[in-house]
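Shown next: upload.txt, given as compact mmCIF, N, CA and C atoms and all ligand atoms.
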# COMPACT_ATOMS: atom_id res chain seq x y z
N MET A 648 107.76 113.33 188.67
CA MET A 648 106.62 114.24 188.45
C MET A 648 105.67 113.61 187.43
N SER A 649 104.38 113.67 187.68
CA SER A 649 103.45 113.12 186.71
C SER A 649 102.10 113.81 186.86
N GLY A 650 101.17 113.42 186.00
CA GLY A 650 99.79 113.88 186.10
C GLY A 650 99.67 115.39 185.98
N ALA A 651 98.80 115.98 186.81
CA ALA A 651 98.46 117.39 186.71
C ALA A 651 99.68 118.29 186.82
N SER A 652 100.74 117.82 187.52
CA SER A 652 101.91 118.67 187.70
C SER A 652 102.67 118.88 186.39
N ALA A 653 102.33 118.12 185.36
CA ALA A 653 103.01 118.31 184.08
C ALA A 653 102.78 119.75 183.58
N GLY A 654 101.60 120.32 183.85
CA GLY A 654 101.38 121.76 183.68
C GLY A 654 101.29 122.29 182.27
N THR A 655 101.17 123.62 182.20
CA THR A 655 100.90 124.30 180.94
C THR A 655 102.07 124.27 179.99
N ASP A 656 103.33 124.34 180.50
CA ASP A 656 104.45 124.39 179.58
C ASP A 656 104.51 123.14 178.73
N VAL A 657 104.04 122.02 179.27
CA VAL A 657 104.00 120.78 178.52
C VAL A 657 102.98 120.91 177.39
N ARG A 658 101.83 121.53 177.71
CA ARG A 658 100.80 121.74 176.69
C ARG A 658 101.36 122.63 175.58
N ASP A 659 102.10 123.65 175.97
CA ASP A 659 102.73 124.55 175.00
C ASP A 659 103.66 123.76 174.09
N GLN A 660 104.49 122.93 174.71
CA GLN A 660 105.44 122.12 173.95
C GLN A 660 104.70 121.21 172.97
N LEU A 661 103.67 120.55 173.47
CA LEU A 661 102.93 119.62 172.62
C LEU A 661 102.33 120.34 171.42
N SER A 662 101.77 121.54 171.68
CA SER A 662 101.09 122.24 170.58
C SER A 662 102.07 122.75 169.54
N LYS A 663 103.37 122.85 169.89
CA LYS A 663 104.37 123.35 168.94
C LYS A 663 104.89 122.25 168.02
N THR A 664 104.56 121.00 168.29
CA THR A 664 105.16 119.94 167.50
C THR A 664 104.18 119.44 166.43
N PRO A 665 104.72 119.14 165.25
CA PRO A 665 103.85 118.71 164.15
C PRO A 665 102.98 117.53 164.54
N LEU A 666 103.56 116.60 165.35
CA LEU A 666 102.80 115.40 165.68
C LEU A 666 101.54 115.71 166.46
N PHE A 667 101.63 116.68 167.36
CA PHE A 667 100.50 116.94 168.25
C PHE A 667 99.76 118.24 167.99
N SER A 668 100.31 119.07 167.08
CA SER A 668 99.74 120.40 166.92
C SER A 668 98.28 120.37 166.45
N GLY A 669 97.91 119.30 165.74
CA GLY A 669 96.54 119.25 165.22
C GLY A 669 95.54 118.68 166.22
N LEU A 670 96.01 118.26 167.37
CA LEU A 670 95.10 117.63 168.32
C LEU A 670 94.07 118.61 168.87
N SER A 671 92.91 118.09 169.14
CA SER A 671 91.87 118.94 169.71
C SER A 671 92.31 119.40 171.10
N LYS A 672 91.74 120.53 171.53
CA LYS A 672 92.08 121.07 172.87
C LYS A 672 91.81 120.03 173.95
N LYS A 673 90.70 119.31 173.76
CA LYS A 673 90.29 118.32 174.78
C LYS A 673 91.34 117.21 174.88
N LEU A 674 91.78 116.73 173.70
CA LEU A 674 92.77 115.64 173.69
C LEU A 674 94.11 116.14 174.25
N MET A 675 94.46 117.37 173.88
CA MET A 675 95.72 117.95 174.37
C MET A 675 95.68 118.04 175.90
N HIS A 676 94.53 118.43 176.41
CA HIS A 676 94.39 118.55 177.86
C HIS A 676 94.53 117.17 178.52
N THR A 677 93.84 116.19 177.94
CA THR A 677 93.91 114.82 178.49
C THR A 677 95.35 114.34 178.49
N LEU A 678 96.04 114.61 177.38
CA LEU A 678 97.42 114.15 177.21
C LEU A 678 98.34 114.78 178.26
N SER A 679 98.23 116.09 178.41
CA SER A 679 99.15 116.74 179.36
C SER A 679 98.78 116.40 180.80
N ALA A 680 97.52 116.02 181.02
CA ALA A 680 97.13 115.66 182.38
C ALA A 680 97.50 114.22 182.72
N THR A 681 97.59 113.35 181.70
CA THR A 681 97.83 111.94 182.01
C THR A 681 99.26 111.48 181.73
N ALA A 682 99.97 112.22 180.85
CA ALA A 682 101.31 111.75 180.48
C ALA A 682 102.24 111.75 181.69
N ASN A 683 103.15 110.82 181.71
CA ASN A 683 104.11 110.70 182.80
C ASN A 683 105.35 111.50 182.44
N ASP A 684 105.71 112.43 183.30
CA ASP A 684 106.81 113.35 183.05
C ASP A 684 108.07 112.75 183.67
N ARG A 685 109.08 112.45 182.84
CA ARG A 685 110.27 111.77 183.35
C ARG A 685 111.54 112.53 182.97
N SER A 686 112.49 112.59 183.90
CA SER A 686 113.77 113.25 183.64
C SER A 686 114.90 112.24 183.67
N TYR A 687 115.92 112.49 182.84
CA TYR A 687 117.06 111.57 182.73
C TYR A 687 118.35 112.36 182.77
N ASN A 688 119.39 111.76 183.34
CA ASN A 688 120.72 112.37 183.31
C ASN A 688 121.44 111.94 182.05
N ALA A 689 122.42 112.75 181.64
CA ALA A 689 123.23 112.39 180.47
C ALA A 689 123.81 111.00 180.70
N GLY A 690 123.69 110.14 179.68
CA GLY A 690 124.24 108.79 179.79
C GLY A 690 123.21 107.74 180.21
N ASP A 691 122.07 108.17 180.75
CA ASP A 691 121.04 107.20 181.15
C ASP A 691 120.48 106.48 179.92
N THR A 692 120.27 105.17 180.06
CA THR A 692 119.59 104.42 179.00
C THR A 692 118.09 104.52 179.26
N ILE A 693 117.37 105.03 178.29
CA ILE A 693 115.92 105.24 178.47
C ILE A 693 115.15 104.01 178.00
N VAL A 694 115.51 103.50 176.81
CA VAL A 694 114.98 102.19 176.40
C VAL A 694 116.16 101.37 175.89
N LYS A 695 116.05 100.06 176.04
CA LYS A 695 117.17 99.19 175.73
C LYS A 695 116.84 98.27 174.55
N GLU A 696 117.76 98.25 173.58
CA GLU A 696 117.59 97.39 172.40
C GLU A 696 117.33 95.95 172.85
N GLY A 697 116.31 95.32 172.24
CA GLY A 697 116.02 93.91 172.53
C GLY A 697 115.08 93.69 173.70
N GLU A 698 114.82 94.75 174.47
CA GLU A 698 113.93 94.56 175.63
C GLU A 698 112.48 94.72 175.21
N LYS A 699 111.61 94.07 175.97
CA LYS A 699 110.18 94.23 175.69
C LYS A 699 109.61 95.28 176.63
N SER A 700 109.17 96.39 176.09
CA SER A 700 108.49 97.41 176.90
C SER A 700 107.72 98.27 175.92
N VAL A 701 106.67 98.88 176.41
CA VAL A 701 105.78 99.58 175.48
C VAL A 701 105.46 101.02 175.87
N GLY A 702 106.51 101.80 176.15
CA GLY A 702 106.28 103.22 176.38
C GLY A 702 106.53 104.00 175.09
N PHE A 703 105.76 105.05 174.87
CA PHE A 703 105.96 105.97 173.75
C PHE A 703 106.50 107.25 174.37
N TYR A 704 107.65 107.73 173.88
CA TYR A 704 108.33 108.85 174.51
C TYR A 704 108.32 110.06 173.61
N PHE A 705 107.94 111.17 174.21
CA PHE A 705 107.93 112.43 173.50
C PHE A 705 108.95 113.33 174.20
N ILE A 706 109.93 113.82 173.44
CA ILE A 706 111.01 114.59 174.06
C ILE A 706 110.59 116.05 174.30
N VAL A 707 110.70 116.48 175.54
CA VAL A 707 110.33 117.86 175.90
C VAL A 707 111.59 118.72 176.03
N GLU A 708 112.65 118.15 176.59
CA GLU A 708 113.91 118.89 176.76
C GLU A 708 115.08 117.94 176.56
N GLY A 709 116.20 118.49 176.06
CA GLY A 709 117.43 117.71 175.96
C GLY A 709 117.62 117.08 174.59
N LYS A 710 118.48 116.08 174.57
CA LYS A 710 118.88 115.45 173.31
C LYS A 710 119.12 113.97 173.60
N VAL A 711 118.65 113.08 172.74
CA VAL A 711 118.89 111.64 172.97
C VAL A 711 119.51 111.01 171.74
N ASN A 712 120.31 109.98 171.96
CA ASN A 712 120.89 109.24 170.84
C ASN A 712 120.20 107.90 170.69
N VAL A 713 119.91 107.55 169.42
CA VAL A 713 119.35 106.23 169.11
C VAL A 713 120.52 105.36 168.69
N GLU A 714 120.73 104.25 169.37
CA GLU A 714 121.90 103.40 169.12
C GLU A 714 121.48 101.98 168.75
N LYS A 715 122.03 101.51 167.63
CA LYS A 715 121.77 100.13 167.19
C LYS A 715 123.08 99.39 167.18
N GLY A 716 123.16 98.27 167.89
CA GLY A 716 124.40 97.51 167.96
C GLY A 716 125.56 98.37 168.40
N GLY A 717 125.30 99.32 169.28
CA GLY A 717 126.35 100.18 169.83
C GLY A 717 126.69 101.38 168.95
N LYS A 718 126.07 101.49 167.77
CA LYS A 718 126.36 102.63 166.87
C LYS A 718 125.20 103.63 166.90
N THR A 719 125.55 104.91 166.98
CA THR A 719 124.50 105.94 166.97
C THR A 719 123.95 106.10 165.56
N VAL A 720 122.63 105.89 165.42
CA VAL A 720 122.03 106.02 164.08
C VAL A 720 121.20 107.30 163.94
N ALA A 721 120.87 107.92 165.06
CA ALA A 721 120.11 109.18 164.99
C ALA A 721 120.21 109.91 166.32
N THR A 722 120.04 111.21 166.24
CA THR A 722 119.95 112.03 167.45
C THR A 722 118.61 112.74 167.39
N LEU A 723 117.87 112.65 168.46
CA LEU A 723 116.52 113.24 168.48
C LEU A 723 116.47 114.37 169.50
N VAL A 724 115.66 115.38 169.19
CA VAL A 724 115.60 116.61 170.00
C VAL A 724 114.15 116.92 170.38
N PRO A 725 113.93 117.93 171.21
CA PRO A 725 112.57 118.26 171.63
C PRO A 725 111.62 118.42 170.44
N GLY A 726 110.43 117.88 170.62
CA GLY A 726 109.45 117.90 169.53
C GLY A 726 109.43 116.58 168.79
N GLN A 727 110.47 115.77 169.00
CA GLN A 727 110.51 114.46 168.33
C GLN A 727 110.12 113.37 169.33
N PHE A 728 109.93 112.15 168.81
CA PHE A 728 109.45 111.07 169.66
C PHE A 728 110.22 109.80 169.36
N PHE A 729 110.10 108.83 170.24
CA PHE A 729 110.66 107.50 170.00
C PHE A 729 109.86 106.48 170.80
N GLY A 730 110.09 105.20 170.47
CA GLY A 730 109.41 104.14 171.21
C GLY A 730 108.10 103.70 170.57
N GLU A 731 107.79 104.28 169.38
CA GLU A 731 106.52 103.94 168.74
C GLU A 731 106.53 102.52 168.17
N MET A 732 107.72 102.00 167.80
CA MET A 732 107.77 100.72 167.09
C MET A 732 107.33 99.57 167.99
N ALA A 733 107.94 99.46 169.18
CA ALA A 733 107.56 98.39 170.10
C ALA A 733 106.11 98.55 170.56
N LEU A 734 105.69 99.81 170.64
CA LEU A 734 104.31 100.05 171.05
C LEU A 734 103.33 99.54 169.98
N LEU A 735 103.70 99.74 168.72
CA LEU A 735 102.79 99.36 167.65
C LEU A 735 102.75 97.85 167.40
N ASP A 736 103.95 97.20 167.43
CA ASP A 736 103.92 95.77 167.09
C ASP A 736 104.17 94.83 168.29
N GLU A 737 104.37 95.42 169.45
CA GLU A 737 104.56 94.64 170.69
C GLU A 737 105.74 93.67 170.60
N GLN A 738 106.74 94.06 169.82
CA GLN A 738 107.97 93.28 169.70
C GLN A 738 109.08 94.00 170.47
N PRO A 739 110.25 93.33 170.65
CA PRO A 739 111.33 93.98 171.40
C PRO A 739 111.79 95.30 170.75
N ARG A 740 112.38 96.15 171.55
CA ARG A 740 112.89 97.43 171.08
C ARG A 740 113.92 97.24 169.97
N THR A 741 113.82 98.04 168.92
CA THR A 741 114.73 97.91 167.77
C THR A 741 116.06 98.61 168.01
N ALA A 742 116.12 99.45 169.03
CA ALA A 742 117.34 100.21 169.30
C ALA A 742 117.34 100.61 170.77
N SER A 743 118.52 101.02 171.26
CA SER A 743 118.58 101.63 172.58
C SER A 743 118.47 103.13 172.38
N VAL A 744 117.89 103.79 173.35
CA VAL A 744 117.85 105.26 173.31
C VAL A 744 118.46 105.75 174.61
N ARG A 745 119.50 106.58 174.45
CA ARG A 745 120.25 107.03 175.61
C ARG A 745 120.28 108.57 175.65
N ALA A 746 120.13 109.11 176.85
CA ALA A 746 120.16 110.57 176.99
C ALA A 746 121.57 111.07 176.70
N ALA A 747 121.70 112.00 175.74
CA ALA A 747 123.00 112.57 175.41
C ALA A 747 123.28 113.77 176.33
N THR A 748 122.20 114.41 176.79
CA THR A 748 122.30 115.50 177.77
C THR A 748 121.20 115.23 178.79
N ARG A 749 121.14 116.03 179.81
CA ARG A 749 120.01 115.90 180.73
C ARG A 749 118.74 116.10 179.91
N SER A 750 117.79 115.19 180.04
CA SER A 750 116.62 115.20 179.16
C SER A 750 115.33 114.98 179.94
N ARG A 751 114.26 115.45 179.32
CA ARG A 751 112.95 115.27 179.94
C ARG A 751 111.99 114.76 178.86
N CYS A 752 111.25 113.74 179.18
CA CYS A 752 110.31 113.15 178.22
C CYS A 752 108.94 113.00 178.85
N LEU A 753 107.93 113.07 177.99
CA LEU A 753 106.59 112.67 178.41
C LEU A 753 106.41 111.25 177.92
N VAL A 754 105.98 110.38 178.81
CA VAL A 754 105.85 108.97 178.44
C VAL A 754 104.38 108.57 178.47
N LEU A 755 103.96 107.95 177.37
CA LEU A 755 102.61 107.41 177.33
C LEU A 755 102.74 105.90 177.26
N TYR A 756 102.12 105.20 178.18
CA TYR A 756 102.13 103.75 178.10
C TYR A 756 101.04 103.32 177.13
N SER A 757 101.12 102.07 176.71
CA SER A 757 100.26 101.57 175.63
C SER A 757 98.80 102.02 175.77
N TRP A 758 98.21 101.72 176.94
CA TRP A 758 96.79 102.03 177.13
C TRP A 758 96.52 103.53 177.05
N GLU A 759 97.49 104.34 177.51
CA GLU A 759 97.32 105.80 177.46
C GLU A 759 97.44 106.29 176.01
N PHE A 760 98.39 105.70 175.28
CA PHE A 760 98.58 106.06 173.88
C PHE A 760 97.31 105.76 173.07
N TRP A 761 96.80 104.52 173.23
CA TRP A 761 95.66 104.11 172.40
C TRP A 761 94.38 104.84 172.76
N SER A 762 94.31 105.33 173.99
CA SER A 762 93.07 106.05 174.34
C SER A 762 93.19 107.55 174.06
N SER A 763 94.36 108.00 173.58
CA SER A 763 94.49 109.42 173.25
C SER A 763 94.99 109.57 171.81
N VAL A 764 96.30 109.56 171.61
CA VAL A 764 96.88 109.73 170.27
C VAL A 764 96.32 108.68 169.30
N GLY A 765 96.21 107.45 169.77
CA GLY A 765 95.76 106.34 168.92
C GLY A 765 94.35 106.52 168.37
N LYS A 766 93.58 107.41 168.98
CA LYS A 766 92.20 107.62 168.51
C LYS A 766 92.10 108.81 167.57
N ASP A 767 93.25 109.49 167.36
CA ASP A 767 93.23 110.72 166.57
C ASP A 767 93.90 110.46 165.21
N SER A 768 93.10 110.47 164.15
CA SER A 768 93.64 110.08 162.85
C SER A 768 94.72 111.06 162.36
N ASP A 769 94.59 112.35 162.68
CA ASP A 769 95.61 113.32 162.25
C ASP A 769 96.95 113.04 162.93
N ALA A 770 96.88 112.73 164.24
CA ALA A 770 98.12 112.44 164.98
C ALA A 770 98.75 111.15 164.48
N LEU A 771 97.91 110.14 164.21
CA LEU A 771 98.46 108.87 163.70
C LEU A 771 99.10 109.06 162.33
N ARG A 772 98.47 109.89 161.53
CA ARG A 772 99.01 110.17 160.19
C ARG A 772 100.38 110.84 160.30
N ALA A 773 100.49 111.82 161.21
CA ALA A 773 101.76 112.53 161.41
C ALA A 773 102.83 111.55 161.92
N LEU A 774 102.42 110.64 162.79
CA LEU A 774 103.36 109.66 163.33
C LEU A 774 103.86 108.73 162.21
N LEU A 775 102.94 108.29 161.36
CA LEU A 775 103.32 107.43 160.24
C LEU A 775 104.26 108.15 159.28
N LYS A 776 103.98 109.42 159.04
CA LYS A 776 104.81 110.21 158.13
C LYS A 776 106.24 110.27 158.65
N GLU A 777 106.38 110.51 159.96
CA GLU A 777 107.71 110.59 160.56
C GLU A 777 108.41 109.22 160.51
N MET A 778 107.65 108.14 160.71
CA MET A 778 108.25 106.80 160.65
C MET A 778 108.77 106.51 159.25
N VAL A 779 108.00 106.90 158.25
CA VAL A 779 108.42 106.67 156.86
C VAL A 779 109.67 107.49 156.54
N LYS A 780 109.70 108.71 157.05
CA LYS A 780 110.87 109.57 156.84
C LYS A 780 112.12 108.91 157.41
N ARG A 781 111.99 108.34 158.62
CA ARG A 781 113.13 107.66 159.24
C ARG A 781 113.54 106.43 158.44
N LEU A 782 112.55 105.72 157.93
CA LEU A 782 112.82 104.53 157.13
C LEU A 782 113.57 104.90 155.86
N ARG A 783 113.14 105.98 155.22
CA ARG A 783 113.80 106.42 153.98
C ARG A 783 115.26 106.78 154.22
N THR A 784 115.53 107.38 155.37
CA THR A 784 116.91 107.81 155.61
C THR A 784 117.80 106.66 156.06
N THR A 785 117.21 105.55 156.51
CA THR A 785 118.05 104.44 156.99
C THR A 785 118.03 103.24 156.04
N ALA A 786 117.04 103.17 155.13
CA ALA A 786 116.96 102.02 154.23
C ALA A 786 118.14 102.04 153.26
N PRO A 787 118.74 100.87 152.94
CA PRO A 787 119.84 100.86 151.98
C PRO A 787 119.37 101.30 150.60
N ALA A 788 120.26 101.92 149.83
CA ALA A 788 119.90 102.36 148.48
C ALA A 788 119.62 101.14 147.62
N PRO A 789 118.61 101.23 146.72
CA PRO A 789 118.33 100.09 145.85
C PRO A 789 119.53 99.75 144.96
N GLU A 790 119.70 98.45 144.68
CA GLU A 790 120.83 98.07 143.84
C GLU A 790 120.54 98.38 142.38
N ASP A 791 121.58 98.64 141.62
CA ASP A 791 121.40 98.96 140.18
C ASP A 791 120.83 97.75 139.42
P1 LIG B 1 111.35 101.17 169.51
O1 LIG B 1 111.85 100.04 168.67
O2 LIG B 1 110.08 100.95 170.25
O3 LIG B 1 112.48 101.59 170.54
C1 LIG B 1 113.67 102.16 170.01
C2 LIG B 1 113.25 103.38 169.21
O4 LIG B 1 114.31 104.04 168.54
C3 LIG B 1 112.33 102.96 168.06
O5 LIG B 1 111.14 102.46 168.60
C4 LIG B 1 112.26 104.24 167.31
O6 LIG B 1 111.42 105.16 167.92
C5 LIG B 1 113.70 104.74 167.46
N1 LIG B 1 114.46 104.41 166.24
C6 LIG B 1 114.84 103.21 165.79
N2 LIG B 1 115.54 103.32 164.64
C7 LIG B 1 115.60 104.65 164.36
C8 LIG B 1 116.18 105.43 163.32
N3 LIG B 1 116.85 104.87 162.32
N4 LIG B 1 116.02 106.77 163.36
C9 LIG B 1 115.35 107.37 164.38
N5 LIG B 1 114.79 106.68 165.40
C10 LIG B 1 114.90 105.35 165.39

Can you turn what I pasted into structure tokens?
Ligand code: CMP
Amino acid sequence: MSGASAGTDVRDQLSKTPLFSGLSKKLMHTLSATANDRSYNAGDTIVKEGEKSVGFYFIVEGKVNVEKGGKTVATLVPGQFFGEMALLDEQPRTASVRAATRSRCLVLYSWEFWSSVGKDSDALRALLKEMVKRLRTTAPAPED
């Protein structure tokens, strides 16, 4: 399912999340009309550590695990996102992301991201804030 069929519930979901809640109505409409709506079964690998790909994923339903070197480092739920790192620096994926339950994501490819979210300073700011939060929780404690 993609494009216009993504429908109003997707817009509702987007507006409820801190990352997208500040977006203008016009941008929200563009996003819900252009985002690719994808579903995954429990156990499916959505992105693979070390691979080069540039999709930005926004979780609409379900639960996903972020795995580094086979270890789960985070679990993400609806309203959260992943895949921003490879999209931003065009380097291989830093982790694998696997569906822990049946899940649904909206996927924005690089060009779609930069022509929508990437042009919105409030959305970019919220994205950076979340990235820093993740960094703080995973960075090793400073040595004495
Ligand atoms: P990317 O490297 O593109 O693909 C894997 C994604 O997993 C990564 O972007 C982040 O979105 C996410 N990710 C990586 N490390 C963590 C972490 N420690 N906590 C939460 N999400 C992470």

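If all atoms listed in the file are the atoms counted, then among A:Gln660, A:Thr692, A:Thr677, A:Thr785 the closest residue to ligand LIG 1 (chain B) is A:Thr785.
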
- Long-range neighbours of range 735-748 of chain A as a count of residues only, 6.5 Å cut-off, only N, CA and C atoms, 4 positions minimum in chain: 24

From the list A:Leu753, A:Val707, A:Val657, A:Leu734, the nearest residue to Asn683 in chain A using all atoms listed in the file is A:Leu753

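If you measure from each of A:Leu775, A:Ala733, A:Cys752, A:Val764 to ligand LIG 1 (chain B) using only N, CA and C atoms and all ligand atoms, the closest one turns out to be A:Ala733.
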
Draw an axis-aligned box over all listed atoms of ligand LIG 1 (chain B), pad each side with 8 Å, and write its centre and edge lengths in Å, one decimal, as AutoDock Vina command-line options.
--center_x 113.5 --center_y 103.7 --center_z 166.4 --size_x 22.8 --size_y 23.3 --size_z 24.2

Report task. DSSP on the backbone, then: every residue of range 649-790 of chain A marked alpha helix (DSSP H), written as a ChimeraX atom specification. Result -> /A:654-663,665-668,672-681,731-736,757-762,768-785

For the residues in that selection, give me N, CA and C atoms as a compact mmCIF listing (two decimals), in the frame of the given file.
# COMPACT_ATOMS: atom_id res chain seq x y z
N GLY A 654 101.60 120.32 183.85
CA GLY A 654 101.38 121.76 183.68
C GLY A 654 101.29 122.29 182.27
N THR A 655 101.17 123.62 182.20
CA THR A 655 100.90 124.30 180.94
C THR A 655 102.07 124.27 179.99
N ASP A 656 103.33 124.34 180.50
CA ASP A 656 104.45 124.39 179.58
C ASP A 656 104.51 123.14 178.73
N VAL A 657 104.04 122.02 179.27
CA VAL A 657 104.00 120.78 178.52
C VAL A 657 102.98 120.91 177.39
N ARG A 658 101.83 121.53 177.71
CA ARG A 658 100.80 121.74 176.69
C ARG A 658 101.36 122.63 175.58
N ASP A 659 102.10 123.65 175.97
CA ASP A 659 102.73 124.55 175.00
C ASP A 659 103.66 123.76 174.09
N GLN A 660 104.49 122.93 174.71
CA GLN A 660 105.44 122.12 173.95
C GLN A 660 104.70 121.21 172.97
N LEU A 661 103.67 120.55 173.47
CA LEU A 661 102.93 119.62 172.62
C LEU A 661 102.33 120.34 171.42
N SER A 662 101.77 121.54 171.68
CA SER A 662 101.09 122.24 170.58
C SER A 662 102.07 122.75 169.54
N LYS A 663 103.37 122.85 169.89
CA LYS A 663 104.37 123.35 168.94
C LYS A 663 104.89 122.25 168.02
N PRO A 665 104.72 119.14 165.25
CA PRO A 665 103.85 118.71 164.15
C PRO A 665 102.98 117.53 164.54
N LEU A 666 103.56 116.60 165.35
CA LEU A 666 102.80 115.40 165.68
C LEU A 666 101.54 115.71 166.46
N PHE A 667 101.63 116.68 167.36
CA PHE A 667 100.50 116.94 168.25
C PHE A 667 99.76 118.24 167.99
N SER A 668 100.31 119.07 167.08
CA SER A 668 99.74 120.40 166.92
C SER A 668 98.28 120.37 166.45
N LYS A 672 91.74 120.53 171.53
CA LYS A 672 92.08 121.07 172.87
C LYS A 672 91.81 120.03 173.95
N LYS A 673 90.70 119.31 173.76
CA LYS A 673 90.29 118.32 174.78
C LYS A 673 91.34 117.21 174.88
N LEU A 674 91.78 116.73 173.70
CA LEU A 674 92.77 115.64 173.69
C LEU A 674 94.11 116.14 174.25
N MET A 675 94.46 117.37 173.88
CA MET A 675 95.72 117.95 174.37
C MET A 675 95.68 118.04 175.90
N HIS A 676 94.53 118.43 176.41
CA HIS A 676 94.39 118.55 177.86
C HIS A 676 94.53 117.17 178.52
N THR A 677 93.84 116.19 177.94
CA THR A 677 93.91 114.82 178.49
C THR A 677 95.35 114.34 178.49
N LEU A 678 96.04 114.61 177.38
CA LEU A 678 97.42 114.15 177.21
C LEU A 678 98.34 114.78 178.26
N SER A 679 98.23 116.09 178.41
CA SER A 679 99.15 116.74 179.36
C SER A 679 98.78 116.40 180.80
N ALA A 680 97.52 116.02 181.02
CA ALA A 680 97.13 115.66 182.38
C ALA A 680 97.50 114.22 182.72
N THR A 681 97.59 113.35 181.70
CA THR A 681 97.83 111.94 182.01
C THR A 681 99.26 111.48 181.73
N GLU A 731 107.79 104.28 169.38
CA GLU A 731 106.52 103.94 168.74
C GLU A 731 106.53 102.52 168.17
N MET A 732 107.72 102.00 167.80
CA MET A 732 107.77 100.72 167.09
C MET A 732 107.33 99.57 167.99
N ALA A 733 107.94 99.46 169.18
CA ALA A 733 107.56 98.39 170.10
C ALA A 733 106.11 98.55 170.56
N LEU A 734 105.69 99.81 170.64
CA LEU A 734 104.31 100.05 171.05
C LEU A 734 103.33 99.54 169.98
N LEU A 735 103.70 99.74 168.72
CA LEU A 735 102.79 99.36 167.65
C LEU A 735 102.75 97.85 167.40
N ASP A 736 103.95 97.20 167.43
CA ASP A 736 103.92 95.77 167.09
C ASP A 736 104.17 94.83 168.29
N SER A 757 101.12 102.07 176.71
CA SER A 757 100.26 101.57 175.63
C SER A 757 98.80 102.02 175.77
N TRP A 758 98.21 101.72 176.94
CA TRP A 758 96.79 102.03 177.13
C TRP A 758 96.52 103.53 177.05
N GLU A 759 97.49 104.34 177.51
CA GLU A 759 97.32 105.80 177.46
C GLU A 759 97.44 106.29 176.01
N PHE A 760 98.39 105.70 175.28
CA PHE A 760 98.58 106.06 173.88
C PHE A 760 97.31 105.76 173.07
N TRP A 761 96.80 104.52 173.23
CA TRP A 761 95.66 104.11 172.40
C TRP A 761 94.38 104.84 172.76
N SER A 762 94.31 105.33 173.99
CA SER A 762 93.07 106.05 174.34
C SER A 762 93.19 107.55 174.06
N SER A 768 93.10 110.47 164.15
CA SER A 768 93.64 110.08 162.85
C SER A 768 94.72 111.06 162.36
N ASP A 769 94.59 112.35 162.68
CA ASP A 769 95.61 113.32 162.25
C ASP A 769 96.95 113.04 162.93
N ALA A 770 96.88 112.73 164.24
CA ALA A 770 98.12 112.44 164.98
C ALA A 770 98.75 111.15 164.48
N LEU A 771 97.91 110.14 164.21
CA LEU A 771 98.46 108.87 163.70
C LEU A 771 99.10 109.06 162.33
N ARG A 772 98.47 109.89 161.53
CA ARG A 772 99.01 110.17 160.19
C ARG A 772 100.38 110.84 160.30
N ALA A 773 100.49 111.82 161.21
CA ALA A 773 101.76 112.53 161.41
C ALA A 773 102.83 111.55 161.92
N LEU A 774 102.42 110.64 162.79
CA LEU A 774 103.36 109.66 163.33
C LEU A 774 103.86 108.73 162.21
N LEU A 775 102.94 108.29 161.36
CA LEU A 775 103.32 107.43 160.24
C LEU A 775 104.26 108.15 159.28
N LYS A 776 103.98 109.42 159.04
CA LYS A 776 104.81 110.21 158.13
C LYS A 776 106.24 110.27 158.65
N GLU A 777 106.38 110.51 159.96
CA GLU A 777 107.71 110.59 160.56
C GLU A 777 108.41 109.22 160.51
N MET A 778 107.65 108.14 160.71
CA MET A 778 108.25 106.80 160.65
C MET A 778 108.77 106.51 159.25
N VAL A 779 108.00 106.90 158.25
CA VAL A 779 108.42 106.67 156.86
C VAL A 779 109.67 107.49 156.54
N LYS A 780 109.70 108.71 157.05
CA LYS A 780 110.87 109.57 156.84
C LYS A 780 112.12 108.91 157.41
N ARG A 781 111.99 108.34 158.62
CA ARG A 781 113.13 107.66 159.24
C ARG A 781 113.54 106.43 158.44
N LEU A 782 112.55 105.72 157.93
CA LEU A 782 112.82 104.53 157.13
C LEU A 782 113.57 104.90 155.86
N ARG A 783 113.14 105.98 155.22
CA ARG A 783 113.80 106.42 153.98
C ARG A 783 115.26 106.78 154.22
N THR A 784 115.53 107.38 155.37
CA THR A 784 116.91 107.81 155.61
C THR A 784 117.80 106.66 156.06
N THR A 785 117.21 105.55 156.51
CA THR A 785 118.05 104.44 156.99
C THR A 785 118.03 103.24 156.04

>> Can you pull out every residue from range 650-784 of chain A that DSSP, working from the backbone, puts in strand (DSSP E), and format the result as a count of residues only?
In response: 39

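Using only N, CA and C atoms and all ligand atoms, the shortest contact distance between ligand LIG 1 (chain B) and any of A:Arg781, A:Arg749, A:Arg772, A:Arg685 is found at A:Arg781.
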
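Put simply, atom C of Phe729 in chain A is 20.2 Å away from atom N of His676 in chain A.
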
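Here atom N of Glu708 in chain A and CA of Thr784 in chain A stand 23.8 Å from one another.
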